[in-house]
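Source file: structure.cif; contents: mmCIF, N, CA, C and O atoms and all ligand atoms.
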data_my_file
#
loop_
_atom_site.label_atom_id
_atom_site.label_comp_id
_atom_site.auth_asym_id
_atom_site.auth_seq_id
_atom_site.Cartn_x
_atom_site.Cartn_y
_atom_site.Cartn_z
N MET R 4 28.60 125.37 116.65
CA MET R 4 29.49 126.07 117.59
C MET R 4 29.91 127.40 116.99
O MET R 4 30.07 127.53 115.79
N ALA R 5 30.10 128.36 117.86
CA ALA R 5 30.52 129.68 117.42
C ALA R 5 31.90 129.61 116.77
O ALA R 5 32.75 128.80 117.13
N GLU R 6 32.08 130.48 115.81
CA GLU R 6 33.36 130.52 115.11
C GLU R 6 34.41 131.22 115.95
O GLU R 6 34.13 132.21 116.62
N LEU R 7 35.62 130.69 115.90
CA LEU R 7 36.70 131.28 116.67
C LEU R 7 37.39 132.39 115.87
O LEU R 7 37.70 132.21 114.71
N LYS R 8 37.62 133.49 116.53
CA LYS R 8 38.37 134.56 115.90
C LYS R 8 39.85 134.25 115.98
O LYS R 8 40.29 133.42 116.78
N PRO R 9 40.65 134.93 115.15
CA PRO R 9 42.10 134.72 115.22
C PRO R 9 42.65 135.09 116.59
O PRO R 9 42.03 135.85 117.34
N CYS R 10 43.80 134.58 116.91
CA CYS R 10 44.45 134.82 118.19
C CYS R 10 44.60 136.30 118.48
O CYS R 10 45.09 137.05 117.64
N PRO R 11 44.18 136.74 119.68
CA PRO R 11 44.31 138.16 120.05
C PRO R 11 45.76 138.56 120.30
O PRO R 11 46.08 139.74 120.35
N PHE R 12 46.62 137.60 120.45
CA PHE R 12 48.02 137.90 120.75
C PHE R 12 48.86 138.00 119.48
O PHE R 12 49.69 138.89 119.34
N CYS R 13 48.66 137.07 118.55
CA CYS R 13 49.53 137.03 117.38
C CYS R 13 48.75 136.94 116.07
O CYS R 13 49.34 136.98 115.00
N GLY R 14 47.43 136.80 116.14
CA GLY R 14 46.64 136.69 114.91
C GLY R 14 46.66 135.30 114.31
O GLY R 14 46.23 135.09 113.19
N GLY R 15 47.17 134.35 115.08
CA GLY R 15 47.29 132.98 114.58
C GLY R 15 45.99 132.21 114.63
O GLY R 15 44.94 132.73 114.98
N ARG R 16 46.08 130.94 114.27
CA ARG R 16 44.92 130.08 114.19
C ARG R 16 44.60 129.48 115.56
O ARG R 16 45.46 128.93 116.22
N ALA R 17 43.33 129.59 115.95
CA ALA R 17 42.92 129.10 117.27
C ALA R 17 42.09 127.84 117.13
O ALA R 17 41.42 127.62 116.13
N ARG R 18 42.13 127.01 118.17
CA ARG R 18 41.29 125.81 118.19
C ARG R 18 40.87 125.52 119.62
O ARG R 18 41.53 125.92 120.57
N VAL R 19 39.74 124.81 119.73
CA VAL R 19 39.23 124.45 121.05
C VAL R 19 39.89 123.16 121.50
O VAL R 19 40.00 122.21 120.74
N ILE R 20 40.32 123.15 122.75
CA ILE R 20 40.90 121.95 123.31
C ILE R 20 40.13 121.55 124.57
O ILE R 20 39.43 122.36 125.16
N GLN R 21 40.30 120.33 124.97
CA GLN R 21 39.67 119.84 126.19
C GLN R 21 40.74 119.13 127.00
O GLN R 21 41.40 118.22 126.50
N SER R 22 40.89 119.55 128.23
CA SER R 22 41.95 118.96 129.05
C SER R 22 41.53 117.60 129.57
O SER R 22 40.39 117.18 129.44
N ASP R 23 42.46 116.93 130.17
CA ASP R 23 42.14 115.68 130.86
C ASP R 23 41.22 115.97 132.02
O ASP R 23 41.25 117.05 132.58
N PRO R 24 40.41 115.00 132.39
CA PRO R 24 39.53 115.20 133.54
C PRO R 24 40.33 115.42 134.81
O PRO R 24 41.34 114.78 135.04
N LEU R 25 39.89 116.34 135.61
CA LEU R 25 40.53 116.62 136.88
C LEU R 25 39.69 116.05 137.99
O LEU R 25 38.46 116.09 137.95
N GLU R 26 40.35 115.53 138.97
CA GLU R 26 39.60 114.95 140.07
C GLU R 26 39.46 115.96 141.20
O GLU R 26 40.41 116.54 141.66
N LYS R 27 38.24 116.14 141.61
CA LYS R 27 37.95 117.01 142.76
C LYS R 27 37.04 116.23 143.67
O LYS R 27 35.84 116.17 143.45
N GLY R 28 37.61 115.61 144.67
CA GLY R 28 36.81 114.72 145.48
C GLY R 28 36.33 113.57 144.62
O GLY R 28 37.11 112.93 143.94
N LYS R 29 35.03 113.33 144.57
CA LYS R 29 34.49 112.26 143.76
C LYS R 29 33.97 112.77 142.42
O LYS R 29 33.53 112.00 141.59
N LYS R 30 34.00 114.07 142.25
CA LYS R 30 33.46 114.62 141.01
C LYS R 30 34.56 114.73 139.95
O LYS R 30 35.69 115.07 140.23
N GLU R 31 34.16 114.46 138.74
CA GLU R 31 35.06 114.68 137.62
C GLU R 31 34.50 115.81 136.78
O GLU R 31 33.30 115.93 136.57
N PHE R 32 35.38 116.65 136.32
CA PHE R 32 34.90 117.69 135.41
C PHE R 32 35.97 117.98 134.38
O PHE R 32 37.13 117.63 134.56
N TYR R 33 35.55 118.59 133.33
CA TYR R 33 36.45 118.87 132.23
C TYR R 33 36.69 120.37 132.12
O TYR R 33 35.81 121.17 132.39
N VAL R 34 37.87 120.70 131.74
CA VAL R 34 38.18 122.10 131.50
C VAL R 34 38.40 122.29 130.00
O VAL R 34 39.21 121.62 129.40
N PHE R 35 37.64 123.21 129.46
CA PHE R 35 37.79 123.53 128.06
C PHE R 35 38.68 124.74 127.90
O PHE R 35 38.79 125.56 128.80
N GLY R 36 39.28 124.84 126.77
CA GLY R 36 40.11 126.00 126.52
C GLY R 36 40.18 126.30 125.05
O GLY R 36 39.88 125.47 124.21
N VAL R 37 40.55 127.55 124.74
CA VAL R 37 40.85 127.91 123.37
C VAL R 37 42.36 128.13 123.31
O VAL R 37 42.92 128.85 124.12
N TYR R 38 42.96 127.48 122.36
CA TYR R 38 44.42 127.41 122.29
C TYR R 38 44.89 127.91 120.94
O TYR R 38 44.33 127.56 119.90
N CYS R 39 45.93 128.75 120.96
CA CYS R 39 46.51 129.24 119.72
C CYS R 39 47.61 128.29 119.27
O CYS R 39 48.54 128.02 120.03
N THR R 40 47.51 127.80 118.04
CA THR R 40 48.49 126.84 117.55
C THR R 40 49.79 127.52 117.15
O THR R 40 50.79 126.85 116.90
N ASP R 41 49.78 128.84 117.07
CA ASP R 41 50.99 129.56 116.66
C ASP R 41 51.83 130.01 117.84
O ASP R 41 53.03 129.79 117.89
N CYS R 42 51.20 130.68 118.82
CA CYS R 42 51.99 131.24 119.93
C CYS R 42 51.74 130.49 121.24
O CYS R 42 52.40 130.74 122.23
N GLY R 43 50.80 129.57 121.25
CA GLY R 43 50.55 128.79 122.45
C GLY R 43 49.68 129.50 123.47
O GLY R 43 49.53 129.04 124.59
N GLY R 44 49.11 130.64 123.09
CA GLY R 44 48.21 131.36 124.00
C GLY R 44 47.02 130.48 124.35
O GLY R 44 46.49 129.76 123.52
N LEU R 45 46.62 130.53 125.62
CA LEU R 45 45.56 129.65 126.07
C LEU R 45 44.60 130.39 126.98
O LEU R 45 45.02 131.17 127.84
N MET R 46 43.31 130.16 126.76
CA MET R 46 42.28 130.72 127.63
C MET R 46 41.40 129.57 128.10
O MET R 46 40.76 128.91 127.31
N ARG R 47 41.39 129.34 129.39
CA ARG R 47 40.68 128.18 129.92
C ARG R 47 39.39 128.57 130.61
O ARG R 47 39.33 129.56 131.34
N LYS R 48 38.36 127.78 130.40
CA LYS R 48 37.08 127.95 131.09
C LYS R 48 36.52 126.57 131.40
O LYS R 48 36.97 125.57 130.85
N CYS R 49 35.50 126.55 132.23
CA CYS R 49 34.89 125.26 132.59
C CYS R 49 33.96 124.75 131.50
O CYS R 49 33.66 123.58 131.45
N ALA R 50 33.49 125.65 130.64
CA ALA R 50 32.59 125.24 129.58
C ALA R 50 33.12 125.70 128.23
O ALA R 50 33.71 126.77 128.11
N GLU R 51 32.90 124.87 127.24
CA GLU R 51 33.39 125.18 125.90
C GLU R 51 32.81 126.50 125.39
O GLU R 51 33.52 127.32 124.81
N GLU R 52 31.52 126.71 125.63
CA GLU R 52 30.88 127.92 125.14
C GLU R 52 31.50 129.16 125.77
O GLU R 52 31.71 130.18 125.12
N ASP R 53 31.78 129.07 127.08
CA ASP R 53 32.38 130.20 127.78
C ASP R 53 33.78 130.49 127.25
O ASP R 53 34.18 131.64 127.11
N ALA R 54 34.52 129.43 126.96
CA ALA R 54 35.88 129.61 126.46
C ALA R 54 35.87 130.32 125.11
O ALA R 54 36.67 131.23 124.86
N VAL R 55 34.96 129.90 124.24
CA VAL R 55 34.86 130.51 122.91
C VAL R 55 34.45 131.97 123.02
O VAL R 55 35.02 132.85 122.38
N LYS R 56 33.46 132.24 123.88
CA LYS R 56 32.98 133.62 124.05
C LYS R 56 34.09 134.51 124.58
O LYS R 56 34.28 135.64 124.11
N ALA R 57 34.80 134.02 125.59
CA ALA R 57 35.86 134.81 126.20
C ALA R 57 36.97 135.10 125.19
O ALA R 57 37.51 136.20 125.12
N TRP R 58 37.29 134.09 124.40
CA TRP R 58 38.34 134.24 123.39
C TRP R 58 37.93 135.29 122.36
O TRP R 58 38.70 136.17 122.01
N ASN R 59 36.71 135.20 121.86
CA ASN R 59 36.25 136.13 120.84
C ASN R 59 36.14 137.55 121.37
O ASN R 59 36.42 138.51 120.66
N ARG R 60 35.73 137.68 122.64
CA ARG R 60 35.66 139.01 123.25
C ARG R 60 37.03 139.65 123.27
O ARG R 60 37.21 140.81 122.97
N ARG R 61 38.00 138.85 123.65
CA ARG R 61 39.37 139.34 123.75
C ARG R 61 39.92 139.71 122.38
O ARG R 61 40.65 140.67 122.22
N ALA R 62 39.55 138.90 121.39
CA ALA R 62 40.05 139.12 120.04
C ALA R 62 39.50 140.40 119.44
O ALA R 62 40.12 141.00 118.55
N GLU R 63 38.34 140.85 119.91
CA GLU R 63 37.73 142.04 119.35
C GLU R 63 38.39 143.31 119.83
O GLU R 63 38.28 144.36 119.22
N LYS R 64 39.05 143.22 120.99
CA LYS R 64 39.63 144.44 121.56
C LYS R 64 41.03 144.70 121.04
O LYS R 64 41.66 143.84 120.46
ZN ZN L 101 48.69 133.36 119.02
#

For this file, write the structure as structure tokens.
Amino acid sequence: MAELKPCPFCGGRARVIQSDPLEKGKKEFYVFGVYCTDCGGLMRKCAEEDAVKAWNRRAEK
């Protein structure tokens, strides 16, 4: 898995989280997110890879 950059908001430590399954009709799906353990910043995506990419893109700016 790609390495997570520090939090773009506070520079804190980030980790990948996975939410509880959400029910949409008969389908179940999971929402992944990257979460900052210091400031609570959260970026949610439907896929873990997308969440990590989005987080790292944001951290670079
Ligand atoms: Zn943070």

(request) Rank R:Leu45, R:Gln21, R:Cys13, R:Ala50 by their smallest atom-to-atom distance to ligand ZN 101 (chain L), using all atoms listed in the file, and report the top residue only. (result) R:Cys13

(message) When you look at Pro9 in chain R with a cut-off of 5 Å (counting all atoms listed in the file), what residues show up, excluding the ones that are within fewer than 4 positions of it in the same chain? I need them as a list of chain:residue names.
(response)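 Here the qualifying residues turn out to be R:Gly14, R:Gly15, R:Ala62.
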
(message) Could you tell me how far CA of Val34 in chain R sits from atom C of Pro11 in chain R, in Å to one decimal place?
(response)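 We find that atom C of Pro11 in chain R and CA of Val34 in chain R lie 21.3 Å from each other.
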
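The space separating atom O of Glu51 in chain R from atom O of Phe35 in chain R comes to 6.8 Å.
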
(message) Considering all atoms listed in the file, can you say which of R:Ala54, R:Arg18, R:Gly43, R:Asn59 comes closest to ligand ZN 101 (chain L)?
(response) R:Gly43

(message) One number please: CA of Ser22 in chain R to CA of Ala57 in chain R, in Å, one decimal.
(response) 17.2 Å

(request) Kindly indicate which residue among R:Val55, R:Cys49, R:Ala17, R:Cys42 lies nearest to ligand ZN 101 (chain L), using only C-alpha atoms and all ligand atoms for the distances. (result)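 Closest to ligand ZN 101 (chain L), using only C-alpha atoms and all ligand atoms: R:Cys42.
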
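Shortest separation to Val37 in chain R among R:Val19, R:Lys56, R:Glu63, R:Phe12 occurs at residue R:Val19, atoms counted being all atoms listed in the file.
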
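Candidate residues R:Asp53, R:Arg16, R:Arg61, R:Glu6 were compared for distance to ligand ZN 101 (chain L), and the nearest is R:Arg16, using only N, CA, C and O atoms and all ligand atoms.
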